[in-house]
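With PDB, C-alpha atoms, pLDDT in the B column inside, this is target_0.pdb:
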ATOM      1  CA  PRO A 156      93.817 105.051  96.937  1.00 94.00           C
ATOM      2  CA  ILE A 157      96.360 106.766  94.697  1.00 95.00           C
ATOM      3  CA  VAL A 158      94.935 109.961  93.233  1.00 95.00           C
ATOM      4  CA  ASP A 159      96.129 112.076  90.311  1.00 94.00           C
ATOM      5  CA  VAL A 160      95.878 115.596  91.758  1.00 90.00           C
ATOM      6  CA  LEU A 161      95.664 117.292  88.366  1.00 89.00           C
ATOM      7  CA  ARG A 162      92.830 115.147  87.043  1.00 91.00           C
ATOM      8  CA  GLN A 163      91.251 114.606  90.481  1.00 91.00           C
ATOM      9  CA  GLN A 164      90.937 110.909  89.623  1.00 95.00           C
ATOM     10  CA  THR A 165      91.872 107.698  91.373  1.00 96.00           C
ATOM     11  CA  THR A 166      94.578 105.979  89.323  1.00 97.00           C
ATOM     12  CA  GLY A 167      95.162 102.950  91.516  1.00 97.00           C
ATOM     13  CA  PHE A 168      95.341 101.466  94.974  1.00 97.00           C
ATOM     14  CA  GLU A 169      98.086 100.316  97.301  1.00 96.00           C
ATOM     15  CA  ALA A 170      97.547  96.918  98.885  1.00 96.00           C
ATOM     16  CA  LEU A 171      98.169  97.139 102.613  1.00 92.00           C
ATOM     17  CA  ALA A 172      98.438  94.139 104.937  1.00 91.00           C
ATOM     18  CA  ARG A 173      96.158  94.104 107.961  1.00 91.00           C
ATOM     19  CA  TRP A 174      95.948  91.582 110.797  1.00 92.00           C
ATOM     20  CA  ASN A 175      92.837  91.172 112.897  1.00 94.00           C
ATOM     21  CA  SER A 176      93.750  88.549 115.485  1.00 93.00           C
ATOM     22  CA  LYS A 177      91.103  86.846 117.604  1.00 95.00           C
ATOM     23  CA  ALA A 178      93.535  86.802 120.520  1.00 94.00           C
ATOM     24  CA  LEU A 179      95.284  90.156 120.048  1.00 93.00           C
ATOM     25  CA  GLY A 180      92.691  92.280 118.288  1.00 95.00           C
ATOM     26  CA  THR A 181      93.868  94.631 115.552  1.00 95.00           C
ATOM     27  CA  VAL A 182      97.642  94.390 115.108  1.00 93.00           C
ATOM     28  CA  SER A 183      99.289  97.236 113.211  1.00 90.00           C
ATOM     29  CA  PRO A 184     101.511  96.361 110.234  1.00 89.00           C
ATOM     30  CA  ALA A 185     104.073  98.670 111.857  1.00 87.00           C
ATOM     31  CA  GLN A 186     104.304  95.923 114.495  1.00 91.00           C
ATOM     32  CA  PHE A 187     103.932  92.632 112.636  1.00 91.00           C
ATOM     33  CA  ILE A 188     105.854  93.415 109.419  1.00 90.00           C
ATOM     34  CA  PRO A 189     109.188  94.255 111.161  1.00 88.00           C
ATOM     35  CA  ILE A 190     108.787  91.166 113.377  1.00 92.00           C
ATOM     36  CA  ALA A 191     108.185  88.970 110.320  1.00 91.00           C
ATOM     37  CA  GLU A 192     111.257  90.493 108.650  1.00 88.00           C
ATOM     38  CA  ARG A 193     113.469  89.922 111.711  1.00 89.00           C
ATOM     39  CA  ALA A 194     112.176  86.348 112.041  1.00 93.00           C
ATOM     40  CA  GLY A 195     112.944  85.704 108.367  1.00 88.00           C
ATOM     41  CA  ILE A 196     109.345  84.771 107.527  1.00 91.00           C
ATOM     42  CA  ILE A 197     108.258  87.840 105.568  1.00 90.00           C
ATOM     43  CA  GLY A 198     108.399  85.872 102.313  1.00 87.00           C
ATOM     44  CA  SER A 199     105.757  83.501 103.633  1.00 91.00           C
ATOM     45  CA  LEU A 200     103.522  86.555 104.072  1.00 93.00           C
ATOM     46  CA  THR A 201     104.467  88.264 100.799  1.00 94.00           C
ATOM     47  CA  ARG A 202     103.495  85.385  98.517  1.00 95.00           C
ATOM     48  CA  PRO A 203      99.894  84.813  99.675  1.00 95.00           C
ATOM     49  CA  LEU A 204      99.275  88.549 100.102  1.00 96.00           C
ATOM     50  CA  LEU A 205     100.537  89.254  96.574  1.00 97.00           C
ATOM     51  CA  LYS A 206      98.304  86.493  95.175  1.00 97.00           C
ATOM     52  CA  LYS A 207      95.315  87.932  97.039  1.00 97.00           C
ATOM     53  CA  ALA A 208      96.044  91.506  95.899  1.00 98.00           C
ATOM     54  CA  LEU A 209      96.491  90.458  92.256  1.00 98.00           C
ATOM     55  CA  ARG A 210      93.275  88.424  92.357  1.00 97.00           C
ATOM     56  CA  ALA A 211      91.333  91.440  93.673  1.00 97.00           C
ATOM     57  CA  ALA A 212      92.973  93.884  91.247  1.00 98.00           C
ATOM     58  CA  SER A 213      92.229  91.666  88.256  1.00 97.00           C
ATOM     59  CA  LYS A 214      88.547  92.597  88.742  1.00 97.00           C
ATOM     60  CA  TRP A 215      89.277  96.341  88.518  1.00 97.00           C
ATOM     61  CA  PRO A 216      88.873  98.499  85.411  1.00 97.00           C
ATOM     62  CA  GLY A 217      91.941  98.266  83.153  1.00 95.00           C
ATOM     63  CA  ASP A 218      93.134 101.803  83.849  1.00 95.00           C
ATOM     64  CA  LEU A 219      93.688 101.225  87.594  1.00 98.00           C
ATOM     65  CA  ARG A 220      97.128 100.260  88.928  1.00 98.00           C
ATOM     66  CA  LEU A 221      98.076  98.130  91.914  1.00 98.00           C
ATOM     67  CA  SER A 222     100.935  99.033  94.262  1.00 98.00           C
ATOM     68  CA  PHE A 223     102.413  96.323  96.456  1.00 97.00           C
ATOM     69  CA  ASN A 224     105.261  96.462  98.990  1.00 95.00           C
ATOM     70  CA  LEU A 225     108.211  94.090  98.820  1.00 94.00           C
ATOM     71  CA  SER A 226     110.701  93.594 101.635  1.00 90.00           C
ATOM     72  CA  ALA A 227     114.472  93.279 101.397  1.00 86.00           C
ATOM     73  CA  GLN A 228     114.113  89.514 101.854  1.00 88.00           C
ATOM     74  CA  ASP A 229     111.842  89.352  98.804  1.00 91.00           C
ATOM     75  CA  LEU A 230     114.747  90.649  96.708  1.00 90.00           C
ATOM     76  CA  ASN A 231     117.755  88.997  98.359  1.00 87.00           C
ATOM     77  CA  SER A 232     117.960  85.869  96.214  1.00 88.00           C
ATOM     78  CA  PRO A 233     117.244  84.853  92.632  1.00 90.00           C
ATOM     79  CA  GLU A 234     114.877  82.153  93.948  1.00 93.00           C
ATOM     80  CA  ALA A 235     112.815  84.651  95.938  1.00 92.00           C
ATOM     81  CA  VAL A 236     112.353  87.054  93.029  1.00 95.00           C
ATOM     82  CA  THR A 237     111.698  84.183  90.599  1.00 96.00           C
ATOM     83  CA  GLY A 238     108.875  83.059  92.909  1.00 96.00           C
ATOM     84  CA  ILE A 239     107.397  86.567  92.879  1.00 97.00           C
ATOM     85  CA  ILE A 240     107.646  86.725  89.089  1.00 97.00           C
ATOM     86  CA  ALA A 241     105.887  83.354  88.807  1.00 97.00           C
ATOM     87  CA  ILE A 242     103.020  84.637  90.962  1.00 98.00           C
ATOM     88  CA  ILE A 243     102.681  87.754  88.808  1.00 98.00           C
ATOM     89  CA  GLU A 244     102.857  85.881  85.508  1.00 97.00           C
ATOM     90  CA  THR A 245     100.295  83.241  86.516  1.00 97.00           C
ATOM     91  CA  SER A 246      97.876  85.778  88.023  1.00 97.00           C
ATOM     92  CA  GLY A 247      96.444  87.040  84.742  1.00 94.00           C
ATOM     93  CA  PHE A 248      97.068  90.611  85.943  1.00 97.00           C
ATOM     94  CA  ASP A 249      99.072  92.760  83.529  1.00 97.00           C
ATOM     95  CA  ALA A 250     102.518  93.343  85.078  1.00 98.00           C
ATOM     96  CA  ALA A 251     102.571  96.768  83.406  1.00 97.00           C
ATOM     97  CA  ARG A 252      99.790  97.807  85.826  1.00 98.00           C
ATOM     98  CA  LEU A 253     101.771  96.680  88.882  1.00 98.00           C
ATOM     99  CA  ASP A 254     104.068  98.941  90.909  1.00 98.00           C
ATOM    100  CA  LEU A 255     106.311  97.141  93.366  1.00 97.00           C
ATOM    101  CA  GLU A 256     107.409  99.328  96.241  1.00 95.00           C
ATOM    102  CA  ILE A 257     110.809  98.900  97.822  1.00 91.00           C
ATOM    103  CA  THR A 258     112.681 100.829 100.480  1.00 83.00           C
ATOM    104  CA  GLU A 259     116.353 101.694 100.472  1.00 76.00           C
ATOM    105  CA  THR A 260     116.952  99.089 103.167  1.00 74.00           C
ATOM    106  CA  ALA A 261     116.402  96.474 100.450  1.00 72.00           C
ATOM    107  CA  PHE A 262     119.778  97.500  99.015  1.00 70.00           C
ATOM    108  CA  ILE A 263     121.854  97.687 102.177  1.00 68.00           C
ATOM    109  CA  HIS A 264     122.845  94.011 102.564  1.00 67.00           C
ATOM    110  CA  ASP A 265     123.417  92.859  98.989  1.00 70.00           C
ATOM    111  CA  THR A 266     123.215  95.792  96.628  1.00 78.00           C
ATOM    112  CA  SER A 267     124.110  93.843  93.498  1.00 84.00           C
ATOM    113  CA  GLN A 268     121.542  91.075  94.115  1.00 86.00           C
ATOM    114  CA  ALA A 269     118.810  93.585  94.954  1.00 84.00           C
ATOM    115  CA  ARG A 270     119.623  95.520  91.767  1.00 87.00           C
ATOM    116  CA  ARG A 271     119.474  92.293  89.699  1.00 91.00           C
ATOM    117  CA  SER A 272     116.119  91.447  91.296  1.00 93.00           C
ATOM    118  CA  VAL A 273     114.711  94.885  90.478  1.00 92.00           C
ATOM    119  CA  GLU A 274     115.955  94.595  86.905  1.00 94.00           C
ATOM    120  CA  MET A 275     114.239  91.192  86.557  1.00 96.00           C
ATOM    121  CA  LEU A 276     110.965  92.723  87.766  1.00 97.00           C
ATOM    122  CA  ARG A 277     111.351  95.657  85.361  1.00 96.00           C
ATOM    123  CA  GLN A 278     111.922  93.198  82.489  1.00 96.00           C
ATOM    124  CA  ILE A 279     108.472  91.674  82.967  1.00 97.00           C
ATOM    125  CA  GLY A 280     106.957  95.170  82.933  1.00 97.00           C
ATOM    126  CA  CYS A 281     106.509  96.028  86.614  1.00 98.00           C
ATOM    127  CA  GLY A 282     106.986  99.581  87.808  1.00 97.00           C
ATOM    128  CA  ILE A 283     109.401 100.071  90.714  1.00 95.00           C
ATOM    129  CA  SER A 284     108.715 102.707  93.353  1.00 94.00           C
ATOM    130  CA  LEU A 285     111.242 103.857  95.931  1.00 89.00           C
ATOM    131  CA  ASP A 286     109.153 103.941  99.103  1.00 88.00           C
ATOM    132  CA  ASP A 287     109.631 106.307 102.069  1.00 82.00           C
ATOM    133  CA  PHE A 288     111.825 108.641 100.024  1.00 82.00           C
ATOM    134  CA  GLY A 289     113.639 111.169 102.159  1.00 75.00           C
ATOM    135  CA  THR A 290     113.990 108.996 105.247  1.00 75.00           C
ATOM    136  CA  GLY A 291     116.992 106.875 104.180  1.00 65.00           C
ATOM    137  CA  TYR A 292     120.685 107.633 104.091  1.00 60.00           C
ATOM    138  CA  SER A 293     121.296 107.370 100.367  1.00 54.00           C
ATOM    139  CA  SER A 294     118.115 108.508  98.652  1.00 59.00           C
ATOM    140  CA  LEU A 295     119.889 110.446  95.909  1.00 71.00           C
ATOM    141  CA  THR A 296     122.215 107.519  95.271  1.00 68.00           C
ATOM    142  CA  SER A 297     119.178 105.252  94.936  1.00 65.00           C
ATOM    143  CA  LEU A 298     117.572 107.644  92.451  1.00 69.00           C
ATOM    144  CA  HIS A 299     120.727 107.758  90.420  1.00 73.00           C
ATOM    145  CA  SER A 300     121.562 104.057  90.315  1.00 73.00           C
ATOM    146  CA  LEU A 301     118.288 102.090  90.284  1.00 79.00           C
ATOM    147  CA  PRO A 302     115.830 101.416  87.450  1.00 85.00           C
ATOM    148  CA  LEU A 303     112.999 103.263  89.198  1.00 89.00           C
ATOM    149  CA  THR A 304     109.730 104.490  87.739  1.00 93.00           C
ATOM    150  CA  LYS A 305     108.369 106.326  90.807  1.00 94.00           C
ATOM    151  CA  ILE A 306     109.333 107.811  94.111  1.00 92.00           C
ATOM    152  CA  LYS A 307     107.074 108.017  97.120  1.00 92.00           C
ATOM    153  CA  ILE A 308     107.687 111.002  99.347  1.00 90.00           C
ATOM    154  CA  ASP A 309     107.390 109.886 102.952  1.00 87.00           C
ATOM    155  CA  HIS A 310     104.267 110.942 104.838  1.00 88.00           C
ATOM    156  CA  SER A 311     106.374 112.551 107.576  1.00 87.00           C
ATOM    157  CA  PHE A 312     106.947 115.514 105.223  1.00 88.00           C
ATOM    158  CA  VAL A 313     103.204 115.968 104.662  1.00 88.00           C
ATOM    159  CA  HIS A 314     101.883 115.945 108.215  1.00 84.00           C
ATOM    160  CA  ASP A 315     101.006 119.592 108.978  1.00 81.00           C
ATOM    161  CA  ILE A 316     102.743 120.725 105.778  1.00 89.00           C
ATOM    162  CA  GLN A 317     100.540 123.813 105.695  1.00 88.00           C
ATOM    163  CA  ASP A 318     102.117 124.962 108.981  1.00 89.00           C
ATOM    164  CA  ASN A 319     105.696 123.911 108.220  1.00 88.00           C
ATOM    165  CA  PRO A 320     107.465 125.918 105.485  1.00 90.00           C
ATOM    166  CA  ALA A 321     110.494 123.572 105.538  1.00 90.00           C
ATOM    167  CA  SER A 322     108.321 120.532 104.785  1.00 89.00           C
ATOM    168  CA  GLU A 323     106.611 122.357 101.949  1.00 90.00           C
ATOM    169  CA  LYS A 324     109.962 123.330 100.427  1.00 92.00           C
ATOM    170  CA  ILE A 325     111.253 119.757 100.691  1.00 89.00           C
ATOM    171  CA  VAL A 326     108.151 118.331  99.012  1.00 91.00           C
ATOM    172  CA  ARG A 327     108.270 120.964  96.239  1.00 92.00           C
ATOM    173  CA  SER A 328     111.973 120.270  95.656  1.00 91.00           C
ATOM    174  CA  VAL A 329     111.489 116.501  95.460  1.00 89.00           C
ATOM    175  CA  LEU A 330     108.544 116.927  93.079  1.00 92.00           C
ATOM    176  CA  THR A 331     110.726 119.118  90.851  1.00 94.00           C
ATOM    177  CA  LEU A 332     113.561 116.593  91.026  1.00 90.00           C
ATOM    178  CA  SER A 333     111.245 113.717  90.097  1.00 91.00           C
ATOM    179  CA  ARG A 334     109.886 115.682  87.125  1.00 92.00           C
ATOM    180  CA  GLU A 335     113.416 116.474  85.933  1.00 92.00           C
ATOM    181  CA  MET A 336     114.374 112.787  86.187  1.00 90.00           C
ATOM    182  CA  GLY A 337     111.253 111.614  84.363  1.00 92.00           C
ATOM    183  CA  LEU A 338     109.906 109.803  87.441  1.00 93.00           C
ATOM    184  CA  ASP A 339     106.358 109.865  88.714  1.00 94.00           C
ATOM    185  CA  ALA A 340     105.955 111.005  92.314  1.00 94.00           C
ATOM    186  CA  ILE A 341     103.481 109.973  94.954  1.00 94.00           C
ATOM    187  CA  VAL A 342     103.118 112.016  98.107  1.00 93.00           C
ATOM    188  CA  GLU A 343     102.095 109.707 100.942  1.00 92.00           C
ATOM    189  CA  GLY A 344      99.745 110.600 103.727  1.00 89.00           C
ATOM    190  CA  VAL A 345      97.714 113.399 102.121  1.00 91.00           C
ATOM    191  CA  GLU A 346      94.565 113.427 104.233  1.00 89.00           C
ATOM    192  CA  CYS A 347      92.996 116.858 103.937  1.00 86.00           C
ATOM    193  CA  GLU A 348      92.457 119.688 101.467  1.00 86.00           C
ATOM    194  CA  GLU A 349      95.172 121.859 103.061  1.00 85.00           C
ATOM    195  CA  GLU A 350      97.773 119.129 102.588  1.00 87.00           C
ATOM    196  CA  MET A 351      96.595 118.583  99.001  1.00 86.00           C
TER     197      MET A 351
END
Encoding of this model in structure tokens:
Amino acid sequence: PIVDVLRQQTTGFEALARWNSKALGTVSPAQFIPIAERAGIIGSLTRPLLKKALRAASKWPGDLRLSFNLSAQDLNSPEAVTGIIAIIETSGFDAARLDLEITETAFIHDTSQARRSVEMLRQIGCGISLDDFGTGYSSLTSLHSLPLTKIKIDHSFVHDIQDNPASEKIVRSVLTLSREMGLDAIVEGVECEEEM
């Protein structure tokens, strides 16, 4: 769930892939997503998972948003992003309620194509969130040059934030920066009242 801390209300949900294999048991996305990316088959996972997430979210109340992760490969060609747009447009789910999450690694290989892909997604109304903010090499460059609507502060800054003054200062600074830039901010990994 994504919760507005001021209103104490759920504003949406992030779709997260899970794999329960009969042979392997529960396989963490931290394991199977990077393997699918390296093997070049992440797109074959993205498309059905996006369809499934949009189908589920279309049954939600109209004020709830859906967040969905895209990989670098989902943005690296006009054909790939056109396929994603087709899925969104035929789903019946309002693109203005959809936030597509990308990491900075999506821009490393072909910055101009990734930027064009993001702009195409913005044109149909999707929000664009920069995921895992603070863990990449060019986060401020990404904030400056991309048509973003949100940043997601990486969960590594939140774990034990109440006992780590440096983490608290980083999170406060990024929240201030996002406010100044007119971007929404999501702090990942908040799991207890102290972290909240």
Any chance you could resolve the PyMOL selection byres ((chain A and resi 306) around 6) against this file and give the residues as a PyMOL selection string? chain A and resi 284-285+305+307+340
File of the preceding selection, C-alpha atoms, as a PDB file, in the coordinates of the input:
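New file selection.pdb:
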ATOM      1  CA  SER A 284     108.715 102.707  93.353  1.00 94.00           C
ATOM      2  CA  LEU A 285     111.242 103.857  95.931  1.00 89.00           C
ATOM      3  CA  LYS A 305     108.369 106.326  90.807  1.00 94.00           C
ATOM      4  CA  LYS A 307     107.074 108.017  97.120  1.00 92.00           C
ATOM      5  CA  ALA A 340     105.955 111.005  92.314  1.00 94.00           C
TER       6      ALA A 340
END
Around (109.2, 92.8, 81.5) in the file's frame, which residues reach within 12 Å when counting only C-alpha atoms? Return as a PyMOL selection string? chain A and resi 240+243-244+249-253+273-283
Mind dumping a table of every segment 218-272 of chain A residue within 10 Å of segment 192-211 of chain A, with the nearest atom pair and its distance in Å to one decimal, using all atoms listed in the file, sorted by chain and rising number, as a tab-separated table?
residue	atom	partner	partner_atom	distance
A:Leu221	CA	A:Leu209	CA	7.8
A:Ser222	CA	A:Ala208	CA	9.1
A:Phe223	CA	A:Leu205	CA	7.3
A:Asn224	CA	A:Thr201	CA	8.4
A:Leu225	CA	A:Thr201	CA	7.2
A:Ser226	CA	A:Ile197	CA	7.4
A:Ala227	CA	A:Glu192	CA	8.4
A:Gln228	CA	A:Gly198	CA	6.8
A:Asp229	CA	A:Gly198	CA	6.0
A:Leu230	CA	A:Gly198	CA	9.7
A:Ala235	CA	A:Gly198	CA	7.9
A:Gly238	CA	A:Arg202	CA	8.1
A:Ile239	CA	A:Arg202	CA	7.0
A:Ile242	CA	A:Lys206	CA	6.6
A:Ile243	CA	A:Leu209	CA	7.6
A:Thr245	CA	A:Lys206	CA	9.5
A:Ser246	CA	A:Leu209	CA	6.5
A:Gly247	CA	A:Leu209	CA	8.3
A:Phe248	CA	A:Leu209	CA	6.3
A:Asp249	CA	A:Leu209	CA	9.4
A:Ala250	CA	A:Leu209	CA	9.8
A:Leu253	CA	A:Leu209	CA	8.8
Would you kindly translate the PyMOL selection byres ((chain A and resi 314-326) around 9) into the concrete residues it picks from this file, as a ChimeraX atom specification? /A:308,310-313,327-331,342,344-346,349-350
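For the atom pair formed by atom CA of Ser333 of chain A and atom CA of Ala261 of chain A, the distance is 20.8 Å, given to one decimal.
Atom pair atom CA of Trp215 of chain A / atom CA of Thr165 of chain A has a distance of 12.0 Å (rounded to one decimal).
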Hey, what's within 9 Å of Gln268 of chain A if we count all atoms listed in the file and toss same-chain stuff fewer than 4 positions away? As a PDB file with C-alpha atoms, in the coordinates of the input, please?
ATOM      1  CA  LEU A 230     114.747  90.649  96.708  1.00 90.00           C
ATOM      2  CA  ASN A 231     117.755  88.997  98.359  1.00 87.00           C
ATOM      3  CA  SER A 232     117.960  85.869  96.214  1.00 88.00           C
ATOM      4  CA  PRO A 233     117.244  84.853  92.632  1.00 90.00           C
ATOM      5  CA  PHE A 262     119.778  97.500  99.015  1.00 70.00           C
ATOM      6  CA  SER A 272     116.119  91.447  91.296  1.00 93.00           C
ATOM      7  CA  VAL A 273     114.711  94.885  90.478  1.00 92.00           C
TER       8      VAL A 273
END
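Here atom CA of Thr237 of chain A stands at a distance of 13.9 Å from atom CA of Arg270 of chain A.
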Add whatever atoms are absent from segment 258-275 of chain A to reach N, CA and C atoms, and provide the output as a short mmCIF file (atom, residue, chain, number, x, y, z; two decimals), in the coordinates of the input.
data_model
loop_
_atom_site.label_atom_id
_atom_site.label_comp_id
_atom_site.auth_asym_id
_atom_site.auth_seq_id
_atom_site.Cartn_x
_atom_site.Cartn_y
_atom_site.Cartn_z
N THR A 258 112.01 99.78 99.71
CA THR A 258 112.68 100.83 100.48
C THR A 258 114.18 100.70 100.26
N GLU A 259 114.90 101.72 100.64
CA GLU A 259 116.35 101.69 100.47
C GLU A 259 117.00 100.58 101.27
N THR A 260 116.37 100.16 102.36
CA THR A 260 116.95 99.09 103.17
C THR A 260 117.08 97.80 102.37
N ALA A 261 116.30 97.67 101.29
CA ALA A 261 116.40 96.47 100.45
C ALA A 261 117.77 96.39 99.78
N PHE A 262 118.50 97.47 99.73
CA PHE A 262 119.78 97.50 99.02
C PHE A 262 120.98 97.53 99.94
N ILE A 263 120.75 97.54 101.23
CA ILE A 263 121.85 97.69 102.18
C ILE A 263 122.72 96.43 102.24
N HIS A 264 122.09 95.25 102.33
CA HIS A 264 122.84 94.01 102.56
C HIS A 264 123.54 93.48 101.31
N ASP A 265 122.84 93.40 100.22
CA ASP A 265 123.42 92.86 98.99
C ASP A 265 122.93 93.72 97.83
N THR A 266 123.63 94.81 97.63
CA THR A 266 123.22 95.79 96.63
C THR A 266 123.12 95.19 95.24
N SER A 267 124.11 94.38 94.86
CA SER A 267 124.11 93.84 93.50
C SER A 267 122.96 92.86 93.28
N GLN A 268 122.66 92.01 94.28
CA GLN A 268 121.54 91.08 94.12
C GLN A 268 120.22 91.83 94.08
N ALA A 269 120.05 92.81 94.94
CA ALA A 269 118.81 93.58 94.95
C ALA A 269 118.62 94.30 93.62
N ARG A 270 119.70 94.84 93.07
CA ARG A 270 119.62 95.52 91.77
C ARG A 270 119.24 94.52 90.67
N ARG A 271 119.83 93.32 90.69
CA ARG A 271 119.47 92.29 89.70
C ARG A 271 118.00 91.91 89.83
N SER A 272 117.53 91.79 91.06
CA SER A 272 116.12 91.45 91.30
C SER A 272 115.19 92.52 90.73
N VAL A 273 115.52 93.78 90.99
CA VAL A 273 114.71 94.88 90.48
C VAL A 273 114.72 94.89 88.95
N GLU A 274 115.88 94.63 88.37
CA GLU A 274 115.96 94.60 86.90
C GLU A 274 115.11 93.46 86.33
N MET A 275 115.08 92.31 87.01
CA MET A 275 114.24 91.19 86.56
C MET A 275 112.76 91.58 86.60
#
